[in-house]
Amino acid sequence: MHEFSCAQHLIKVIYQVCKKYQIKKIYKINIKIGSLTLINKEQFVFWLKEGLKDTLAENNQIVTIEEKPEIECKNCGYYGEGNLEFPYMCPKCFSFKIFLKKGDDYYLESIEGE
Ligand SMILES: [Zn+2]
């Protein structure tokens with residue numbers, strides 16, 4: 001039920017945004033999902049729709065955008081796209097001393113509504 005709890009978390013965020021900007025109907029939701037998150041997009045969208053029933057417009061769109069992993073190498077200073085396979089390492093100097101900057105998270109990018 002990984003997708004369910006992720007969706008629950010995002011629904012909370014979406015409701016907060018809707019409250020803040022007084023959005024009553026949502027037409028479109030853009031969500032970024034990192035390639036390394038292992039989230040099943042279909043299930044994720046399904047749970048989002050379930051949880052947002054009251055606020056979603058009928059012909060709504062929930063768009064998921066895949067986010068490629070980005071790394072920063074502590075060894076050579078490389079910053080950019082990283083590999084998708086574990087173990088994650090710097091493509092330039094093959095060091096394992098890297099920071100994962102993007103790609104292992106999911107978040108709300110934008111909401112369109114009124
Ligand atoms: Zn490096």
# chains A, B, ... in the order shown; residues from 1 in each chain; ligands from 1
$ residues_around --residues "stretch 97-107 of chain A" --least-positions-apart "4" --cutoff "8 Å" --atoms "only C-alpha atoms" --output "ChimeraX atom specification"
/A:10,31-37,67-75,88-90
$ residues_near_ligand --ligand "ligand 1" --cutoff "6 Å" --atoms "only C-alpha atoms and all ligand atoms" --output "PyMOL selection string"
chain A and resi 73+75-78+90+92-95
$ closest_residue --among "A:Gln16, A:Asn30, A:Thr64, A:Gln43" --to "A:His2" --atoms "only C-alpha atoms"
A:Gln43
$ select_by_dssp --residues "chain A" --states "alpha helix (DSSP H)" --output "ChimeraX atom specification"
/A:2-20,41-51
$ write_last_selection --atoms "N, CA and C atoms" --output "CSV table (one decimal), in the first residue's frame"
chain,number,residue,atom,x,y,z
A,2,HIS,N,2.0,1.2,-0.6
A,2,HIS,CA,2.9,2.3,-0.7
A,2,HIS,C,2.2,3.5,-1.4
A,3,GLU,N,1.6,3.2,-2.5
A,3,GLU,CA,0.9,4.3,-3.3
A,3,GLU,C,-0.2,4.9,-2.5
A,4,PHE,N,-0.9,4.2,-1.7
A,4,PHE,CA,-2.0,4.7,-0.9
A,4,PHE,C,-1.5,5.7,0.1
A,5,SER,N,-0.4,5.4,0.8
A,5,SER,CA,0.1,6.4,1.8
A,5,SER,C,0.7,7.6,1.1
A,6,CYS,N,1.4,7.4,0.0
A,6,CYS,CA,1.9,8.5,-0.8
A,6,CYS,C,0.8,9.4,-1.2
A,7,ALA,N,-0.3,8.8,-1.7
A,7,ALA,CA,-1.4,9.6,-2.2
A,7,ALA,C,-2.0,10.4,-1.0
A,8,GLN,N,-2.2,9.7,0.1
A,8,GLN,CA,-2.7,10.4,1.3
A,8,GLN,C,-1.9,11.6,1.6
A,9,HIS,N,-0.6,11.5,1.6
A,9,HIS,CA,0.3,12.6,1.9
A,9,HIS,C,0.0,13.8,0.9
A,10,LEU,N,0.0,13.4,-0.3
A,10,LEU,CA,-0.2,14.5,-1.3
A,10,LEU,C,-1.6,15.1,-1.3
A,11,ILE,N,-2.6,14.3,-0.9
A,11,ILE,CA,-3.9,14.9,-0.8
A,11,ILE,C,-4.0,16.0,0.3
A,12,LYS,N,-3.3,15.7,1.3
A,12,LYS,CA,-3.2,16.7,2.4
A,12,LYS,C,-2.6,18.0,1.9
A,13,VAL,N,-1.5,17.9,1.1
A,13,VAL,CA,-0.8,19.0,0.6
A,13,VAL,C,-1.8,19.8,-0.4
A,14,ILE,N,-2.5,19.0,-1.2
A,14,ILE,CA,-3.4,19.6,-2.2
A,14,ILE,C,-4.5,20.4,-1.5
A,15,TYR,N,-5.1,19.8,-0.4
A,15,TYR,CA,-6.1,20.5,0.3
A,15,TYR,C,-5.6,21.7,1.0
A,16,GLN,N,-4.4,21.7,1.4
A,16,GLN,CA,-3.8,22.9,2.0
A,16,GLN,C,-3.7,24.0,1.0
A,17,VAL,N,-3.3,23.7,-0.2
A,17,VAL,CA,-3.1,24.6,-1.3
A,17,VAL,C,-4.5,25.2,-1.7
A,18,CYS,N,-5.5,24.3,-1.8
A,18,CYS,CA,-6.8,24.7,-2.2
A,18,CYS,C,-7.4,25.7,-1.2
A,19,LYS,N,-7.1,25.4,0.1
A,19,LYS,CA,-7.6,26.3,1.1
A,19,LYS,C,-7.0,27.6,1.0
A,20,LYS,N,-5.7,27.6,0.8
A,20,LYS,CA,-5.0,28.9,0.8
A,20,LYS,C,-5.4,29.7,-0.4
A,41,LYS,N,2.4,4.5,-10.9
A,41,LYS,CA,1.6,5.7,-11.3
A,41,LYS,C,0.1,5.5,-11.4
A,42,GLU,N,-0.3,4.4,-12.0
A,42,GLU,CA,-1.7,4.1,-12.1
A,42,GLU,C,-2.4,4.0,-10.8
A,43,GLN,N,-1.8,3.3,-9.9
A,43,GLN,CA,-2.4,3.1,-8.5
A,43,GLN,C,-2.4,4.4,-7.8
A,44,PHE,N,-1.3,5.2,-7.9
A,44,PHE,CA,-1.1,6.5,-7.3
A,44,PHE,C,-2.2,7.4,-7.7
A,45,VAL,N,-2.5,7.5,-9.0
A,45,VAL,CA,-3.5,8.4,-9.5
A,45,VAL,C,-4.9,7.9,-9.1
A,46,PHE,N,-5.1,6.6,-9.1
A,46,PHE,CA,-6.3,6.0,-8.6
A,46,PHE,C,-6.7,6.5,-7.2
A,47,TRP,N,-5.7,6.4,-6.3
A,47,TRP,CA,-5.9,6.8,-4.9
A,47,TRP,C,-6.1,8.3,-4.7
A,48,LEU,N,-5.4,9.0,-5.6
A,48,LEU,CA,-5.6,10.5,-5.6
A,48,LEU,C,-7.0,10.9,-5.9
A,49,LYS,N,-7.5,10.2,-7.0
A,49,LYS,CA,-8.9,10.5,-7.5
A,49,LYS,C,-9.9,10.1,-6.4
A,50,GLU,N,-9.7,9.0,-5.7
A,50,GLU,CA,-10.6,8.6,-4.7
A,50,GLU,C,-10.6,9.6,-3.5
A,51,GLY,N,-9.4,10.1,-3.2
A,51,GLY,CA,-9.3,11.0,-2.0
A,51,GLY,C,-9.8,12.4,-2.3
$ select_by_dssp --residues "stretch 25-55 of chain A" --states "strand (DSSP E or B)" --output "VMD selection string"
chain A and resid 26 to 34
$ closest_residue --among "A:Leu84, A:Ile39, A:Ile62, A:Leu52" --to "A:Tyr27" --atoms "only C-alpha atoms"
A:Ile62
$ atom_distance --atom1 "atom CA of A:Gln61" --atom2 "atom CA of A:Tyr21"
19.1 Å
$ residues_around --residues "A:Asn60" --least-positions-apart "6" --cutoff "10 Å" --atoms "only C-alpha atoms" --output "PyMOL selection string"
chain A and resi 25-29+49+112-113
$ write_last_selection --atoms "C-alpha atoms" --output "compact mmCIF listing (two decimals), in the first residue's frame"
# COMPACT_ATOMS: atom_id res chain seq x y z
CA LYS A 25 -12.86 22.83 -8.23
CA ILE A 26 -9.65 21.27 -9.47
CA TYR A 27 -9.20 20.84 -13.21
CA LYS A 28 -5.65 19.73 -13.41
CA ILE A 29 -2.99 18.50 -11.04
CA LYS A 49 -8.89 10.50 -7.45
CA GLU A 112 -5.17 24.41 -11.96
CA GLY A 113 -8.60 25.19 -10.69
$ atom_distance --atom1 "atom CA of A:Leu38" --atom2 "atom CA of A:Glu66"
11.2 Å
$ atom_distance --atom1 "atom CA of A:Asn59" --atom2 "atom CA of A:Ile23"
16.1 Å
